[in-house]
Amino acid sequence: MLIFFLQPVAGWSSDKSLTIADAAIDLPIPDSAAFTALGFGPGLVENPSSPRAFAGSLLQGFAADGNARTGISLEGAPFLLYHDRRTELRGYQNGDTGKVLDRTMLSLAAVKGGSEVEPSTRLAFGVRVTPWDAGEPRMNKDLADCLRNALIDVDVRRKKELDALTDEIDQLQIQREHVEDQIDSASKVASKKRTIKSLEDTVRALIRKTIRLNRQREALLATSAGELNRQGVAAVQSCRNNKRFRSALWNRSSWSLGVAPTYTSKPDTQNNHNSTGTAIWTSAAFALKDSGQLILHGSYRSNELVPNRKRAGRFFEQDSIRAGGRVRFGSSDLNFSLEGLYVDEQRQGARHSDRKIQYGAGVEHRIGDDLWLVVAVRSEKYNSEGNHLALLGGLKWAYSP
């Protein structure tokens, strides 16, 4: 009977109950591809990594041109959202298809200028693909083992509890049979009526205790599904919250590519957004032991609409090429970065390109579950206009089923 009741429990804790959603852990949230296209991300260099199922960013700051800006970005991985509760973790790890699609992120960003220099609103629709990510939690064998063992432990604890009740009930039955044998022997002697009464009281006490333990076992079996679900959720969450896995995965090597068309409203027609070219870029990250990461980045931006600082409300178009890198160091919950880019901008109609160096620093801090604070400062050096500082701060948040 005990084996029969435990069969659903064992089935619940099999690998089939673990999906790729169970392996989602709170790693630093990648920069929005749409923000990257608009040049308004917290970093000059995009950090390539596996996407979260859904994420958002809210940034506020002053750009290098002195213009106050506010930006919001929403992004999601549609294939991952569809597969998260439908795909078994073991099957995902052993399969060869679907991973690149699950790591494809779509994003939408809007940036609003707040000064006469640039009163326009900019929009971008971004697509980022991560063909390779050594730090993808869903592919991490140690995390998968932790999840499986956590569920097995739930089963083991429940089985031990049931076994203990069964053993105690069996012992009571043995005691009862022994006392009943004593009653049979005493009943043959007329002078042992008091002894018989005492033995019968003992039997009744054993029966009451057996009934109580049987009820406990029945209640345990009757509520096992709900209780196992509660304990299973807690067990899975303990693995997802384990800092050991965040520390092992936050700075792993990865490679991503992105593309994003952009749109900008003219100052006199805020509701009419015109196409202003496309941004294409790629970033490759390389782990530096356990506490660092080197990121190399290259991008091309066509037909970008840039405000003319000398003539408020006027814009010009330019194409640009960027190449550089970023170094991140710290931990999974708090990391710092230093970055630099060489930028070659070719203004349409101009005879010569404008070359400049951008460099900056930033900090990223995990302040709660799936909530990150980002702060960045950058400097741009122009050939003829000196230095300009940009300061941005904001929040990133993510959703994991």
# chains A, B, ... in the order shown; residues from 1 in each chain; ligands from 1
>>> select_by_dssp(residues="stretch 108-225 of chain A", states="strand (DSSP E)", output="compact mmCIF listing (two decimals) with C-alpha atoms, in the first residue's frame")
# COMPACT_ATOMS: atom_id res chain seq x y z
CA LEU A 108 11.49 48.60 -28.20
CA ALA A 109 12.97 51.82 -26.82
CA ALA A 110 11.96 55.46 -26.76
CA VAL A 111 14.23 58.37 -25.82
CA LYS A 112 12.86 61.88 -25.32
CA GLY A 113 15.06 64.95 -25.41
CA THR A 121 11.72 61.81 -29.67
CA ARG A 122 13.71 58.82 -30.87
CA LEU A 123 12.44 55.28 -31.30
CA ALA A 124 14.18 52.00 -32.08
CA PHE A 125 13.11 48.42 -32.64
CA GLY A 126 15.95 46.06 -31.85
CA VAL A 127 16.72 42.40 -32.44
CA ARG A 128 19.63 40.77 -30.63
CA VAL A 129 20.74 37.20 -31.27
CA THR A 130 23.18 35.36 -29.01
CA PRO A 131 24.54 32.36 -30.96
CA TRP A 132 26.92 31.37 -28.19
CA ASP A 133 26.82 31.87 -24.43
>>> select_by_dssp(residues="stretch 88-314 of chain A", states="helix (DSSP H, G or I)", output="PyMOL selection string")
chain A and resi 89-94+99-102+137-139+141-186+190-222+224-240+243-249
>>> atom_distance(atom1="atom CA of A:Ser50", atom2="atom CA of A:Gly330")
19.4 Å
>>> atom_distance(atom1="atom CA of A:Trp281", atom2="atom CA of A:Val259")
6.6 Å
